[in-house]
Amino acid sequence: MLTRPVPMPRWLLTLAMLFAVVLPANAQTAEEVTVEAVQYGIGDAARAGDWAGIQVNVLDSAPEQRDILLRVAVRDADGDRANYDRVVTSNPGVEQSFWLYARMPFGSEGEPPPVLVFEAIETDGGRVRAGRLLGRYDPRIGSTKQVIEPSLSIIAVVGPYAAGLDLYNFRIGNISALPFGHELTRVVTGRTIPLLPDHWQGLTAVDALVWAESTTSNTEPSALTPERARAIRTWVERGGHLIVILPPAGDPWFGAAHPLSDLLPKIQRPRRLDGVDLETLRPLLAESIETPLPRNAVIQAFVPAPGAAPDEARPVLTTPEGDCIVIQRLVGSGAVTVVGLDLSAGPLRRYNLPDAEAFWHRVLGRRADIKRPEEFTQQEKSDASSRTQVDFDHDISSQIDSTGRAVQGILYGLVVFITYWLVAGPLGFMLLKKRNLQHHAWVGFVACTAVFTALAWAGATALRPGRVEVTHLTLLESVHGQPISRARTWASVMLPDYGESKVSVEAADTPTGRSSDLLAPWNPPGVTGLVSGFPDNTGYSINARFPSTLTVPSRATVKQFRVDFGGQAAWSGITLLRDPARTDDPEIVIDGLSLSGTIVHDLPGALENVRVIVCQGQTPLRSPGAAMTGLSPTRTLVFASRFQDGRWQPGEPFDLSTVVNAASIQDALRGDYFRGAVRDGINALSINPTTGRPLTDRLLAARFISMFAPPNYNDDRDMVANRQARRFSTHGWDLGRWLTTPCVIVAGFLQIDARDASPEAIPFPLYVNDRAAPAHGLTMVTWIYPLPPSPPAWPSTPASRGPQSTEQTPDAP
């Protein structure tokens with residue numbers, strides 16, 4: 001029920017403008033719509049540089065229903081206003097809740113954008129524009145809401161208790177780092193289903209969603225709306241990690257219907273184990289031998305269902321007797337993990353258990369020496385308050401900046417100007433004087449001005465970009481056996497026209513216009529629209545819920561975007577090579593550190609800097625009371641491959657057995673990648689932040705920051721010493737979770753130069769004005785092959801009392 005504009009008489013418009021100028025701001029008419037932001041980002045954890053969901057409550061005082069436009073406006077790198085809009089129908093007198101979504105630009109820390117409410121006006125072209133301002137919410141007035149730092153990770157918890165995760169959020173002073181680790185995590189508790197976003201971009205900033213409470217009316221999964229369930233599903237498929245903690249009684253996950261049931265591990269109905277002495281599980285729950293544990297607990301054990309594929313039910317952790325108590329299902333690039341221990345139970349909560357280092361490191365895929373606040377000495381607090389910050393992905397913009405043509409233009413302009421100054425100035429006057437024609441100086445000056453104006457115009461025309469072109473840096477990830485791939489692209493798009501240009505991730509013939517891919521204007525860290533931009537700044541509208549197509553201002557220059565894709569990539573990628581002489585399916589086999597299997601790729605170019613990461617699984621559990629002190633929970637080695645001329649060509653078989661041998665194992669052990677890679681980062685205080693290790697090395701390292709060795713404050717010669725690894729743009733792409741279970745990861749880089757630019761030179765094409773744009777750039781290709789699961793071994797300490805099954809439930813249908 002969009003309203004059409006009614007022309008206003010000129011005298012009335014003049015009178016209204018006069019009153020607007022004369023009356024003070026607080027004397028203007030009262031707001032017709034009251035709007036209040038419930039949360040900026042999930043749990044008020046909107047992160048600078050990433051997408052955030054903004055939940056607002058709206059109360060309209062109009063006498064009847066009407067369409068209103070909700071808007072969050074931020075400045076892009078060009079200084080233009082990116083207006084993230086959503087049109088809704090108000091219900092007067094009834095408070096309504098809506099979600100808006102926007103990418104928070106870098107540089108917006110501590111300054112959430114306001115939420116504006118306008119009258120929705122339908123234009124002749126069928127579009128909707130903003131009419132009168134009806135209401136406004138400014139979080140800077142009477143609010144503590146902030147945009148958090150871009151280096152923080154985020155874990156959201158459904159339920160009131162953190163289940164032992166809160167120590168990931170402990171810092172010393174104002175240092176945004178784990179004292180004996182690297183990346184600090186904002187742990188957000190108290191989430192309920194009404195507080196979860198209804199589109200997946202509201203979850204993109206979240207590394208893990210821990211469902212710790214599911215027995216109340218607003219936390220049980222059956223209460224999920226189709227929109228929220230779809231958001232969680234899409235987020236998991238594109239790399240998210242959903243962790244479900246089963247309650248001790250009542251089974252809302254496997255015993256009842258709900259929208260996420262097909263995402264859960266494919267298992268028989270969980271077996272309930274009563275009267276379990278958790279002392280037998282101490283290595284998984286507590287580092288200290290003194291911490292008391294419940295002697296009469298209930299746990300759930302899991303058995304894969306008959307016919308379940310290996311990726312549909314992967315045991316992660318077991319009891320000493322072999323009962324699986326943590327099981328996982330792979331879904332796209334993400335995973336759904338189910339925990340059979342009630343980690344929110346009162347006896348565990350009383351002692352802030354489980355210890356993150358004992359349990360959560362092995363589920364999330366993390367490494368750090370996690371200390372409780374009372375365990376820190378004054379010396380350790382002093383050491384942890386002074387860190388050398390090293391950055392790994394801060395200079396992505398240097399890879400995609402289209403500077404070549406700009407440099408040519410600057411040099412050409414400089415040459416023309418200097419030549420003009422010389423000819424029209426001293427050289428020209430000397431020549432005229434030599435021929436006694438100085439009285440014609442003004443004629444010569446005008447002639448020089450005309451000639452050099454023509455030269456400048458001709459040069460500008462010749463150097464002006466004549467076609468659309470995309471320069472990109474892309475992360476492409478595929479998991480063997482999964483039907484979809486995912487990608488994140490940072491792109492500089494040359495828009496050669498003046499006016500407006502349509503940029504989209506959808507082809508013109510896409511029928512729905514409801515793609516789940518995300519397209520947003522991007523600014524590098526340290527660059528905001530407040531300090532840069534064009535003098536003719538303007539605004540443009542972005543569909544806040546379905547931001548797959550943008551119509552942006554174009555000025556014959558580049559505009560930068562971030563794109564999050566998912567689905568079937570245009571590239572076929574890496575696959576197992578089938579032996580024509582065999583009828584069985586090819587596979588990769590690991591026996592100790594012996595690796596066998598052959599892979600091949602059909603990418604549009606050669607892969608360089610190829611690394612093979614071999615994970616044998618987790619390290620054995622520590623004996624009760626043994627200090628963990630930041631030891632790695634994974635048995636993983638990183639190998640450098642060796643190809644002729646250093647490049648893996650398309651169609652070339654790659655025998656993985658040639659990578660892992662006695663010599664390469666010794667090299668990998670000596671190198672200790674997860675310790676040495678910390679040095680690949682660029683000192684944040686460096687005068688020239690682009691010097692140091694190549695971006696390709698740092699991008700690979702950035703994806704393993706969760707597994708980096710903790711700092712060693714007592715040895716300046718240590719490879720980590722007091723360094724703190726940081727990332728800004730690659731959150732959500734960490735590979736640490738994969739190192740909790742056996743797998744092989746192959747990563748390499750594909751460079752396509754500008755002379756070979758084509759629409760096929762990017763895994764997921766971009767469309768400008770409904771045509772696939774020629775592209776060139778760098779792609780990091782990552783292929784993950786899950787190996788058969790192998791939960792960590794238990795120490796040989798005898799258990800005081802093992803779990804005893806008292807109830808056998810029938811198999812799930």
# chains A, B, ... in the order shown; residues from 1 in each chain; ligands from 1

$ select_by_dssp --residues "segment 387-602 of chain A" --states "alpha helix (DSSP H)" --output "ChimeraX atom specification"
/A:396-400,404-424,426-434,441-463

$ select_by_dssp --residues "segment 148-367 of chain A" --states "strand (DSSP E or B)" --output "PyMOL selection string"
chain A and resi 148+153-159+185-191+208-211+241-245+267+271-276+297-302+304+314-318+324-331+334-339+341

$ closest_residue --among "A:Ser594, A:Ser686, A:Thr730, A:Ser572" --to "Ala701 of chain A" --atoms "only C-alpha atoms"
A:Thr730

$ residues_around --residues "segment 303-308 of chain A" --least-positions-apart "4" --cutoff "10 Å" --atoms "only C-alpha atoms" --output "PyMOL selection string"
chain A and resi 265-271+312-315+323-325+327+811-813

$ residues_around --residues "Gly732 of chain A" --least-positions-apart "3" --cutoff "9 Å" --atoms "only C-alpha atoms" --output "ChimeraX atom specification"
/A:153,204-207,239-240,703,729,735

$ write_last_selection --atoms "N, CA, C and O atoms" --output "PDB file, in the first residue's frame"
ATOM      1  N   SER A 153      36.892 -11.814  17.474  1.00  0.00           N
ATOM      2  CA  SER A 153      35.972 -12.834  16.983  1.00  0.00           C
ATOM      3  C   SER A 153      34.742 -12.852  17.891  1.00  0.00           C
ATOM      4  O   SER A 153      34.734 -12.233  18.958  1.00  0.00           O
ATOM      5  N   THR A 204      26.992 -13.640   9.849  1.00  0.00           N
ATOM      6  CA  THR A 204      28.287 -13.788   9.188  1.00  0.00           C
ATOM      7  C   THR A 204      29.457 -13.433  10.095  1.00  0.00           C
ATOM      8  O   THR A 204      30.548 -13.977   9.943  1.00  0.00           O
ATOM      9  N   ALA A 205      29.249 -12.535  11.048  1.00  0.00           N
ATOM     10  CA  ALA A 205      30.343 -12.137  11.942  1.00  0.00           C
ATOM     11  C   ALA A 205      30.566 -13.147  13.061  1.00  0.00           C
ATOM     12  O   ALA A 205      31.547 -13.036  13.805  1.00  0.00           O
ATOM     13  N   VAL A 206      29.677 -14.135  13.191  1.00  0.00           N
ATOM     14  CA  VAL A 206      29.727 -15.084  14.306  1.00  0.00           C
ATOM     15  C   VAL A 206      30.523 -16.322  13.892  1.00  0.00           C
ATOM     16  O   VAL A 206      30.231 -16.943  12.870  1.00  0.00           O
ATOM     17  N   ASP A 207      31.525 -16.693  14.704  1.00  0.00           N
ATOM     18  CA  ASP A 207      32.302 -17.898  14.424  1.00  0.00           C
ATOM     19  C   ASP A 207      31.536 -19.155  14.814  1.00  0.00           C
ATOM     20  O   ASP A 207      31.604 -20.172  14.111  1.00  0.00           O
ATOM     21  N   GLY A 239      30.099 -21.993   6.145  1.00  0.00           N
ATOM     22  CA  GLY A 239      31.237 -21.984   7.055  1.00  0.00           C
ATOM     23  C   GLY A 239      30.909 -21.831   8.514  1.00  0.00           C
ATOM     24  O   GLY A 239      31.830 -21.854   9.348  1.00  0.00           O
ATOM     25  N   GLY A 240      29.653 -21.658   8.888  1.00  0.00           N
ATOM     26  CA  GLY A 240      29.297 -21.483  10.286  1.00  0.00           C
ATOM     27  C   GLY A 240      29.389 -22.781  11.067  1.00  0.00           C
ATOM     28  O   GLY A 240      29.356 -23.877  10.504  1.00  0.00           O
ATOM     29  N   ARG A 703      44.436 -17.821   8.143  1.00  0.00           N
ATOM     30  CA  ARG A 703      43.373 -18.808   8.266  1.00  0.00           C
ATOM     31  C   ARG A 703      43.672 -19.842   9.353  1.00  0.00           C
ATOM     32  O   ARG A 703      42.869 -20.751   9.563  1.00  0.00           O
ATOM     33  N   SER A 729      39.742  -8.828   7.978  1.00  0.00           N
ATOM     34  CA  SER A 729      38.811  -9.093   6.884  1.00  0.00           C
ATOM     35  C   SER A 729      38.525 -10.563   6.654  1.00  0.00           C
ATOM     36  O   SER A 729      37.638 -10.891   5.868  1.00  0.00           O
ATOM     37  N   LEU A 735      40.556 -22.003   9.581  1.00  0.00           N
ATOM     38  CA  LEU A 735      40.562 -23.441   9.325  1.00  0.00           C
ATOM     39  C   LEU A 735      40.823 -24.267  10.579  1.00  0.00           C
ATOM     40  O   LEU A 735      40.964 -25.488  10.494  1.00  0.00           O
TER      41      LEU A 735
END

$ atom_distance --atom1 "atom CA of Asn543 of chain A" --atom2 "atom CA of Arg727 of chain A"
28.3 Å

$ closest_atom_pairs --of "segment 493-603 of chain A" --to "segment 765-771 of chain A" --cutoff "7 Å" --atoms "only C-alpha atoms" --output "CSV"
residue,atom,partner,partner_atom,distance
A:Ser501,CA,A:Asn769,CA,6.2
A:Lys502,CA,A:Asn769,CA,4.8
A:Val503,CA,A:Val768,CA,4.6
A:Ser504,CA,A:Tyr767,CA,5.0
A:Val505,CA,A:Leu766,CA,5.1
A:Glu506,CA,A:Tyr767,CA,6.8
A:Ala507,CA,A:Asp770,CA,6.3
A:Ala508,CA,A:Asp770,CA,5.2

$ write_last_selection --atoms "N, CA and C atoms" --output "CSV table (one decimal), in the first residue's frame"
chain,number,residue,atom,x,y,z
A,501,SER,N,25.6,3.0,-12.2
A,501,SER,CA,25.9,1.7,-12.8
A,501,SER,C,25.3,0.6,-11.9
A,502,LYS,N,24.8,-0.5,-12.5
A,502,LYS,CA,24.2,-1.6,-11.8
A,502,LYS,C,25.3,-2.7,-11.6
A,503,VAL,N,25.6,-3.0,-10.4
A,503,VAL,CA,26.5,-4.1,-10.1
A,503,VAL,C,25.7,-5.2,-9.4
A,504,SER,N,26.0,-6.5,-9.8
A,504,SER,CA,25.2,-7.5,-9.3
A,504,SER,C,25.9,-8.8,-9.3
A,505,VAL,N,25.5,-9.8,-8.4
A,505,VAL,CA,26.0,-11.1,-8.4
A,505,VAL,C,25.1,-12.0,-9.1
A,506,GLU,N,24.0,-11.5,-9.6
A,506,GLU,CA,23.0,-12.3,-10.3
A,506,GLU,C,23.0,-11.9,-11.8
A,507,ALA,N,22.9,-12.9,-12.6
A,507,ALA,CA,22.7,-12.7,-14.1
A,507,ALA,C,21.3,-12.1,-14.3
A,508,ALA,N,21.2,-11.4,-15.5
A,508,ALA,CA,19.9,-10.7,-15.8
A,508,ALA,C,18.8,-11.6,-15.8

$ closest_atom_pairs --of "segment 148-248 of chain A" --to "segment 334-340 of chain A" --cutoff "12 Å" --atoms "only C-alpha atoms" --output "CSV"
residue,atom,partner,partner_atom,distance
A:Ala163,CA,A:Val339,CA,11.7
A:Asp207,CA,A:Gly334,CA,10.2
A:Ala208,CA,A:Ala335,CA,9.8
A:Leu209,CA,A:Val336,CA,9.7
A:Val210,CA,A:Thr337,CA,9.3
A:Trp211,CA,A:Val338,CA,9.5
A:Ala212,CA,A:Val339,CA,9.5
A:Ile232,CA,A:Val336,CA,10.6
A:Arg233,CA,A:Gly334,CA,9.6
A:Thr234,CA,A:Gly334,CA,9.5
A:Trp235,CA,A:Gly334,CA,7.9
A:Val236,CA,A:Gly334,CA,4.8
A:Glu237,CA,A:Gly334,CA,5.2
A:Arg238,CA,A:Gly334,CA,6.0
A:Gly239,CA,A:Gly334,CA,3.9
A:Gly240,CA,A:Gly334,CA,4.9
A:His241,CA,A:Ala335,CA,5.1
A:Leu242,CA,A:Val336,CA,4.8
A:Ile243,CA,A:Thr337,CA,4.7
A:Val244,CA,A:Val338,CA,4.7
A:Ile245,CA,A:Val339,CA,4.8
A:Leu246,CA,A:Gly340,CA,5.6
A:Pro247,CA,A:Gly340,CA,8.0
A:Pro248,CA,A:Gly340,CA,8.3

$ residues_around --residues "Pro197 of chain A" --least-positions-apart "3" --cutoff "7 Å" --atoms "only C-alpha atoms" --output "list in words"
Gly53, Trp99, Gly202 and Arg228 of chain A

$ closest_residue --among "A:Arg349, A:Arg136, A:Arg295, A:Arg127" --to "Leu70 of chain A" --atoms "only C-alpha atoms"
A:Arg136

$ residues_around --residues "Ala82 of chain A" --least-positions-apart "4" --cutoff "8 Å" --atoms "only C-alpha atoms" --output "list of chain:residue names"
A:Ala73, A:Val74, A:Arg75, A:Asp76, A:Pro521, A:Gly539, A:Tyr540, A:Ser541, A:Ile542

$ closest_residue --among "A:Glu375, A:Glu220, A:Glu477, A:Glu149" --to "Trp571 of chain A" --atoms "only C-alpha atoms"
A:Glu477

$ residues_around --residues "Ile400 of chain A" --least-positions-apart "3" --cutoff "8 Å" --atoms "only C-alpha atoms" --output "list in words"
Ile396, Ser397, Thr471, His472, Leu473, Trp490, Ala491, Ser492 and Gly777 of chain A

$ closest_residue --among "A:Asp44, A:Asp655, A:Arg486, A:Gly93" --to "Pro63 of chain A" --atoms "only C-alpha atoms"
A:Gly93

$ closest_residue --among "A:Glu183, A:Glu469, A:Asp645, A:Asp80" --to "Asn169 of chain A" --atoms "only C-alpha atoms"
A:Glu183

$ closest_residue --among "A:Ala757, A:Ile590, A:Ala162, A:Leu134" --to "Gly617 of chain A" --atoms "only C-alpha atoms"
A:Ile590

$ atom_distance --atom1 "atom CA of Val415 of chain A" --atom2 "atom CA of Phe452 of chain A"
10.9 Å

$ decode --residues "segment 143-206 of chain A" --atoms "C-alpha atoms" --output "mmCIF file, in the first residue's frame"
data_model
loop_
_atom_site.group_PDB
_atom_site.id
_atom_site.type_symbol
_atom_site.label_atom_id
_atom_site.label_comp_id
_atom_site.auth_asym_id
_atom_site.auth_seq_id
_atom_site.Cartn_x
_atom_site.Cartn_y
_atom_site.Cartn_z
ATOM 1 C CA SER A 143 22.894 4.593 24.714
ATOM 2 C CA THR A 144 25.952 2.453 25.378
ATOM 3 C CA LYS A 145 25.732 0.565 22.086
ATOM 4 C CA GLN A 146 29.006 0.395 20.179
ATOM 5 C CA VAL A 147 30.554 -1.162 17.115
ATOM 6 C CA ILE A 148 33.305 -3.471 18.373
ATOM 7 C CA GLU A 149 36.880 -3.655 17.127
ATOM 8 C CA PRO A 150 37.506 -5.430 13.816
ATOM 9 C CA SER A 151 40.134 -7.778 15.298
ATOM 10 C CA LEU A 152 37.703 -9.532 17.688
ATOM 11 C CA SER A 153 35.972 -12.834 16.983
ATOM 12 C CA ILE A 154 32.420 -13.547 18.183
ATOM 13 C CA ILE A 155 30.691 -16.555 19.743
ATOM 14 C CA ALA A 156 26.950 -16.331 20.428
ATOM 15 C CA VAL A 157 25.233 -18.506 23.049
ATOM 16 C CA VAL A 158 21.530 -19.385 23.154
ATOM 17 C CA GLY A 159 20.750 -19.470 26.853
ATOM 18 C CA PRO A 160 21.841 -17.474 29.889
ATOM 19 C CA TYR A 161 25.102 -19.297 30.676
ATOM 20 C CA ALA A 162 28.428 -19.297 28.836
ATOM 21 C CA ALA A 163 29.157 -23.005 29.505
ATOM 22 C CA GLY A 164 32.818 -22.266 30.193
ATOM 23 C CA LEU A 165 33.345 -20.088 27.102
ATOM 24 C CA ASP A 166 33.635 -16.775 28.944
ATOM 25 C CA LEU A 167 37.403 -17.000 29.537
ATOM 26 C CA TYR A 168 37.904 -16.572 25.778
ATOM 27 C CA ASN A 169 36.736 -13.014 26.499
ATOM 28 C CA PHE A 170 39.209 -12.223 29.287
ATOM 29 C CA ARG A 171 41.710 -9.451 28.655
ATOM 30 C CA ILE A 172 44.370 -7.582 30.617
ATOM 31 C CA GLY A 173 43.687 -3.846 30.671
ATOM 32 C CA ASN A 174 42.627 -2.512 27.297
ATOM 33 C CA ILE A 175 44.691 -4.953 25.221
ATOM 34 C CA SER A 176 42.353 -6.679 22.752
ATOM 35 C CA ALA A 177 44.080 -10.050 22.972
ATOM 36 C CA LEU A 178 44.037 -13.226 24.989
ATOM 37 C CA PRO A 179 46.822 -12.747 27.567
ATOM 38 C CA PHE A 180 48.421 -16.075 26.595
ATOM 39 C CA GLY A 181 46.930 -16.372 23.144
ATOM 40 C CA HIS A 182 46.063 -14.147 20.218
ATOM 41 C CA GLU A 183 42.516 -13.423 19.090
ATOM 42 C CA LEU A 184 40.140 -12.182 21.775
ATOM 43 C CA THR A 185 36.552 -13.444 21.488
ATOM 44 C CA ARG A 186 33.406 -11.543 22.395
ATOM 45 C CA VAL A 187 31.153 -14.189 23.985
ATOM 46 C CA VAL A 188 27.509 -13.101 23.805
ATOM 47 C CA THR A 189 25.103 -14.943 26.109
ATOM 48 C CA GLY A 190 21.381 -14.629 26.763
ATOM 49 C CA ARG A 191 20.261 -15.151 23.176
ATOM 50 C CA THR A 192 16.775 -16.526 22.568
ATOM 51 C CA ILE A 193 15.033 -17.364 19.324
ATOM 52 C CA PRO A 194 13.292 -13.944 19.069
ATOM 53 C CA LEU A 195 16.765 -12.370 19.354
ATOM 54 C CA LEU A 196 18.242 -14.369 16.463
ATOM 55 C CA PRO A 197 18.426 -12.709 13.020
ATOM 56 C CA ASP A 198 16.103 -13.809 10.242
ATOM 57 C CA HIS A 199 18.682 -13.531 7.418
ATOM 58 C CA TRP A 200 22.077 -15.165 7.342
ATOM 59 C CA GLN A 201 24.069 -11.943 6.954
ATOM 60 C CA GLY A 202 23.175 -11.251 10.569
ATOM 61 C CA LEU A 203 25.295 -14.289 11.509
ATOM 62 C CA THR A 204 28.287 -13.788 9.188
ATOM 63 C CA ALA A 205 30.343 -12.137 11.942
ATOM 64 C CA VAL A 206 29.727 -15.084 14.306
#
